[in-house]
Amino acid sequence: MARRKIAKRADDYAQWYQDVIAEGQMAEHSMVRGCMIIKPWGFGIWERIQREMDDRIKATGHENAYFPLFVPKSLFDKEAEHVEGFAPECAVVTHGGDKELEEPLFVRPTSEAIICTTYGKWVESWRDLPIMINQWANVVRWEMRPRLFLRTMEFLWQEGHTAHETHDEAKAEVQTMLDVYAECAENVLAVPVVKGVKSESERFPGAENTYTIEAMMQDGRALQAGTSHDLGQVFSKAYGIEFQGRDGTMQHAWSTSWGVSTRLVGALIMTHGDDAGIVVPPKLAPIQLVIIPIYKGDEQAAEIKPDVEAMMTSLRAAGVRVKADLREYLRPGPKFFEWEKKGVPLRVEYGMRDKEAGNVVLKRRDTGEKQIIPMAELASVAAPLLVTIQNDMLERARARRDANTHVLDDYADFKSRVGDGGFFHMRWCGASACETKVKEDTKATIRCLPHASEPDPGPCAICGEAAEGVRAIFARAY
């Protein structure tokens with residue numbers, strides 16, 4: 001397999017991103033504009049994300065279920081703000097076979113309408129609450145500027161939907177899931193995030209509040225990596241989630257929704273990739289260590305292969321996901337390049353000279369560091385080294401984010417610097433006019449009002465009026 005060239009990040013970041021996906025054999029565009037084919041390596045990474053996230057979702061008391069892909073238009077139309085927010089992105093089915101449908105069906109852009117309607121049938125009393133359900137599904141949004149993993153017309157995700165007796169319970173649920181997302185992003189994807197609340201203009205359509213985790217990519221742009229929505233009683237009233245309360249009165253439930261998607265794969269690529277390809281955190285790597293045996297002819301193969309099998313047995317016993325690349329039609333060099341582009345965390349090289357010395361060559365993908373170790377110690381070295389790599393990747397990403405995070409009070413200074421990327425903490429008076437001006441002047445948006453910040457009163461950086469709350473994070477985003 002010939003080694004192809006990947007664009008350098010410094011020269012063309014957008015092309016680099018596309019090249020990394022192609023050369024890492026992760027995904028490709030399909031024959032339908034805006035839809036992608038996820039290849040086994042890319043899907044393997046998504047499966048690992050899904051498994052890690054699913055375990056955390058279930059640990060917080062949620063169950064998985066499945067709801068239909070098609071949503072009757074009459075259901076979708078019941079919540080006006082929701083309809084207005086999603087209408088430009090909706091795909092609509094008007095015909096079934098050769099007959100026009102009596103009622104158009106929306107291909108779900110999200111499932112609040114059909115799930116809340118179903119909950120309305122399930123709930124009669126406060127004893128039926130809470131309902132805490134998650135589904136893993138695909139959704140369709142008519143994306144005009146698709147980009148693999150980041151924005152595609154059809155994408156994979158999980159969407160959680162809950163209904164509660166009180167608003168306090170719903171608000172606690174929203175924060176619980178935001179914390180789950182942040183913990184998974186940092187400890188599994190090794191992507192540091194900022195937790196915060198969205199401005200009114202950036203809220204999920206129909207939500208009372210939207211909370212977010214925001215990550216910074218290597219080019220300094222923000223990526224919304226997950227959201228959790230306090231829906232208040234808006235959807236319950238629109239779709240009839242009504243119950244008899246403890247006092248005997250009829251009440252509407254308080255609902256939430258929350259989700260992450262295959263966009264997380266894009267976040268992983270743009271946080272950790274280098275000029276040679278993707279770098280996969282060990283917790284997400286479908287293969288954590290690949291062994292490349294080096295030999296010539298059947299005689300050497302007969303000596304090398306039993307050792308490779310022994311290494312694989314010991315590594316698997318130590319909990320390492322391992323593969324030996326035994327393809328006879330490829331020389332070692334092309335194998336090195338292929339697994340490097342796929343971002344496998346560790347590589348072992350083992351040939352006749354290594355056998356004679358009783359050693360293997362072990363190489364880290366993230367740093368390129370090589371070490372020679374006794375073959376008998378491979379498993380005991382590799383397993384903890386994977387933990388080290390995972391932690392090192394997070395710390396490097398966090399250090400890069402922090403180095404590109406700025407506190408500014410001068411709007412002119414902000415305008416001159418935002419094009420270079422970064423998170424900019426600025427006072428904001430809360431007026432939508434100031435938010436709009438920033439977007440028109442710089443293409444930057446308010447990513448969130450961060451939870452971790454304390455109020456910092458002073459003049460708004462945009463208009464000079466009083467700003468009483470926390471500083472907002474402004475950035476250009478994907």
# chains A, B, ... in the order shown; residues from 1 in each chain; ligands from 1
call {"tool": "select_by_dssp", "arguments": {"residues": "stretch 321-410 of chain A", "states": "alpha helix (DSSP H)", "output": "PyMOL selection string"}}
result
chain A and resi 332-342+352-357+378-403
call {"tool": "residues_around", "arguments": {"residues": "A:Thr262", "least_positions_apart": "5", "cutoff": "8 Å", "atoms": "only C-alpha atoms", "output": "short mmCIF file (atom, residue, chain, number, x, y, z; two decimals) with N, CA and C atoms, in the first residue's frame"}}
result
data_model
loop_
_atom_site.label_atom_id
_atom_site.label_comp_id
_atom_site.auth_asym_id
_atom_site.auth_seq_id
_atom_site.Cartn_x
_atom_site.Cartn_y
_atom_site.Cartn_z
N TRP A 46 -16.42 4.83 17.19
CA TRP A 46 -17.76 5.22 17.64
C TRP A 46 -18.35 4.16 18.58
N PHE A 149 -18.33 13.65 9.94
CA PHE A 149 -18.43 13.56 11.40
C PHE A 149 -18.92 14.85 12.05
N LEU A 150 -18.52 16.02 11.56
CA LEU A 150 -18.90 17.26 12.23
C LEU A 150 -20.32 17.69 11.90
N PHE A 155 -26.83 11.46 10.87
CA PHE A 155 -25.76 11.14 11.81
C PHE A 155 -26.31 10.24 12.91
N LEU A 156 -25.38 9.63 13.62
CA LEU A 156 -25.73 8.73 14.73
C LEU A 156 -25.58 9.48 16.05
N TRP A 157 -26.45 9.16 17.00
CA TRP A 157 -26.36 9.80 18.30
C TRP A 157 -27.12 9.00 19.34
#
call {"tool": "closest_atom_pairs", "arguments": {"of": "stretch 17-87 of chain A", "to": "stretch 104-110 of chain A", "cutoff": "7 Å", "atoms": "only C-alpha atoms", "output": "CSV"}}
result
residue,atom,partner,partner_atom,distance
A:Leu69,CA,A:Arg108,CA,5.6
A:Phe70,CA,A:Val107,CA,4.9
A:Val71,CA,A:Phe106,CA,5.0
A:Pro72,CA,A:Leu105,CA,4.6
A:Lys73,CA,A:Leu105,CA,5.6
call {"tool": "write_last_selection", "arguments": {"atoms": "N, CA and C atoms", "output": "PDB file, in the first residue's frame"}}
result
ATOM      1  N   LEU A  69     -38.622   6.277  13.522  1.00  0.00           N
ATOM      2  CA  LEU A  69     -37.873   7.242  12.711  1.00  0.00           C
ATOM      3  C   LEU A  69     -38.779   8.348  12.173  1.00  0.00           C
ATOM      4  N   PHE A  70     -40.046   8.012  11.906  1.00  0.00           N
ATOM      5  CA  PHE A  70     -40.964   8.955  11.265  1.00  0.00           C
ATOM      6  C   PHE A  70     -41.875   9.615  12.303  1.00  0.00           C
ATOM      7  N   VAL A  71     -42.063  10.922  12.139  1.00  0.00           N
ATOM      8  CA  VAL A  71     -42.879  11.704  13.063  1.00  0.00           C
ATOM      9  C   VAL A  71     -43.995  12.373  12.271  1.00  0.00           C
ATOM     10  N   PRO A  72     -45.265  12.083  12.568  1.00  0.00           N
ATOM     11  CA  PRO A  72     -46.360  12.764  11.852  1.00  0.00           C
ATOM     12  C   PRO A  72     -46.251  14.279  11.989  1.00  0.00           C
ATOM     13  N   LYS A  73     -46.501  14.983  10.906  1.00  0.00           N
ATOM     14  CA  LYS A  73     -46.377  16.439  10.913  1.00  0.00           C
ATOM     15  C   LYS A  73     -47.273  17.070  11.979  1.00  0.00           C
TER      16      LYS A  73
END
call {"tool": "select_by_dssp", "arguments": {"residues": "stretch 75-185 of chain A", "states": "strand (DSSP E or B)", "output": "short mmCIF file (atom, residue, chain, number, x, y, z; two decimals) with C-alpha atoms, in the first residue's frame"}}
result
data_model
loop_
_atom_site.label_atom_id
_atom_site.label_comp_id
_atom_site.auth_asym_id
_atom_site.auth_seq_id
_atom_site.Cartn_x
_atom_site.Cartn_y
_atom_site.Cartn_z
CA ALA A 91 -36.69 16.03 5.55
CA VAL A 92 -40.35 15.29 4.79
CA VAL A 93 -41.86 12.10 3.34
CA THR A 94 -44.93 12.85 1.22
CA HIS A 95 -45.34 9.58 -0.70
CA GLY A 96 -45.35 5.92 0.24
CA LYS A 99 -49.46 6.96 -3.26
CA GLU A 100 -49.46 10.36 -1.65
CA LEU A 101 -49.67 10.16 2.13
CA GLU A 102 -52.70 11.58 3.88
CA GLU A 103 -50.32 13.28 6.30
CA PRO A 104 -46.64 14.10 5.64
CA LEU A 105 -44.09 12.40 7.86
CA PHE A 106 -40.97 14.14 9.16
CA VAL A 107 -37.79 12.07 9.25
CA SER A 125 -50.12 9.57 38.33
CA ILE A 131 -39.51 8.30 33.21
CA MET A 132 -35.83 8.13 32.31
CA ILE A 133 -35.21 6.71 28.83
CA ASN A 134 -32.38 6.94 26.32
CA GLN A 135 -32.23 5.78 22.73
CA TRP A 136 -29.35 5.20 20.33
CA ALA A 137 -30.53 6.17 16.87
CA ASN A 138 -29.92 8.03 13.64
CA VAL A 139 -31.41 11.43 12.84
CA VAL A 140 -31.64 13.52 9.68
CA ARG A 147 -18.35 17.88 6.77
CA ARG A 151 -22.00 18.07 10.20
CA GLU A 154 -27.69 11.84 8.63
CA PHE A 155 -25.76 11.14 11.81
CA LEU A 156 -25.73 8.73 14.73
CA TRP A 157 -26.36 9.80 18.30
CA GLN A 158 -27.99 9.07 21.60
CA GLU A 159 -30.88 11.15 22.81
CA GLY A 160 -32.14 10.96 26.36
CA HIS A 161 -35.66 12.06 27.28
CA THR A 162 -36.96 12.24 30.83
CA ALA A 163 -40.14 13.38 32.58
CA HIS A 164 -40.27 14.40 36.25
#
call {"tool": "residues_around", "arguments": {"residues": "A:Arg400", "least_positions_apart": "3", "cutoff": "10 Å", "atoms": "only C-alpha atoms", "output": "number ranges by chain"}}
result
A: 192, 216-218, 220, 271, 394-397, 403-405, 422
call {"tool": "closest_residue", "arguments": {"among": "A:Asp325, A:Asp307, A:Glu112, A:Glu124", "to": "A:Thr249", "atoms": "only C-alpha atoms"}}
result
A:Glu124
call {"tool": "closest_residue", "arguments": {"among": "A:Arg471, A:Val197, A:Ala113, A:Asp402", "to": "A:Met426", "atoms": "only C-alpha atoms"}}
result
A:Arg471
call {"tool": "closest_atom_pairs", "arguments": {"of": "stretch 234-302 of chain A", "to": "stretch 372-387 of chain A", "cutoff": "10 Å", "atoms": "only C-alpha atoms", "output": "JSON lines"}}
result
{"residue": "A:Pro281", "atom": "CA", "partner": "A:Leu386", "partner_atom": "CA", "distance": 8.6}
{"residue": "A:Pro282", "atom": "CA", "partner": "A:Leu386", "partner_atom": "CA", "distance": 5.9}
{"residue": "A:Lys283", "atom": "CA", "partner": "A:Leu386", "partner_atom": "CA", "distance": 8.3}
{"residue": "A:Gln288", "atom": "CA", "partner": "A:Leu386", "partner_atom": "CA", "distance": 7.9}
{"residue": "A:Leu289", "atom": "CA", "partner": "A:Ala382", "partner_atom": "CA", "distance": 8.3}
call {"tool": "residues_around", "arguments": {"residues": "stretch 346-349 of chain A", "least_positions_apart": "6", "cutoff": "7 Å", "atoms": "only C-alpha atoms", "output": "mmCIF file with N, CA and C atoms, in the first residue's frame"}}
result
data_model
loop_
_atom_site.group_PDB
_atom_site.id
_atom_site.type_symbol
_atom_site.label_atom_id
_atom_site.label_comp_id
_atom_site.auth_asym_id
_atom_site.auth_seq_id
_atom_site.Cartn_x
_atom_site.Cartn_y
_atom_site.Cartn_z
ATOM 1 N N GLN A 288 -5.400 -1.428 20.546
ATOM 2 C CA GLN A 288 -4.513 -0.583 21.350
ATOM 3 C C GLN A 288 -3.043 -0.819 21.048
ATOM 4 N N LEU A 289 -2.712 -1.995 20.560
ATOM 5 C CA LEU A 289 -1.319 -2.333 20.254
ATOM 6 C C LEU A 289 -1.303 -3.236 19.036
ATOM 7 N N VAL A 290 -0.485 -2.880 18.067
ATOM 8 C CA VAL A 290 -0.337 -3.713 16.873
ATOM 9 C C VAL A 290 1.090 -4.248 16.822
ATOM 10 N N ILE A 291 1.221 -5.526 16.546
ATOM 11 C CA ILE A 291 2.531 -6.169 16.435
ATOM 12 C C ILE A 291 2.863 -6.328 14.960
ATOM 13 N N ILE A 292 4.024 -5.823 14.569
ATOM 14 C CA ILE A 292 4.499 -5.964 13.187
ATOM 15 C C ILE A 292 5.672 -6.939 13.200
ATOM 16 N N PRO A 293 5.457 -8.201 12.818
ATOM 17 C CA PRO A 293 6.574 -9.151 12.751
ATOM 18 C C PRO A 293 7.411 -8.873 11.500
ATOM 19 N N VAL A 360 11.858 -6.663 22.250
ATOM 20 C CA VAL A 360 10.965 -6.093 21.234
ATOM 21 C C VAL A 360 11.193 -4.586 21.225
ATOM 22 N N VAL A 361 10.831 -3.960 20.107
ATOM 23 C CA VAL A 361 10.854 -2.498 20.007
ATOM 24 C C VAL A 361 9.420 -2.002 20.176
ATOM 25 N N LEU A 362 9.210 -1.150 21.146
ATOM 26 C CA LEU A 362 7.875 -0.632 21.461
ATOM 27 C C LEU A 362 7.841 0.861 21.164
ATOM 28 N N LYS A 363 6.858 1.302 20.354
ATOM 29 C CA LYS A 363 6.785 2.709 19.950
ATOM 30 C C LYS A 363 5.440 3.307 20.312
ATOM 31 N N ARG A 364 5.480 4.507 20.910
ATOM 32 C CA ARG A 364 4.276 5.265 21.209
ATOM 33 C C ARG A 364 3.845 6.056 19.990
ATOM 34 N N ARG A 365 2.547 6.005 19.673
ATOM 35 C CA ARG A 365 2.046 6.788 18.547
ATOM 36 C C ARG A 365 1.972 8.273 18.885
#
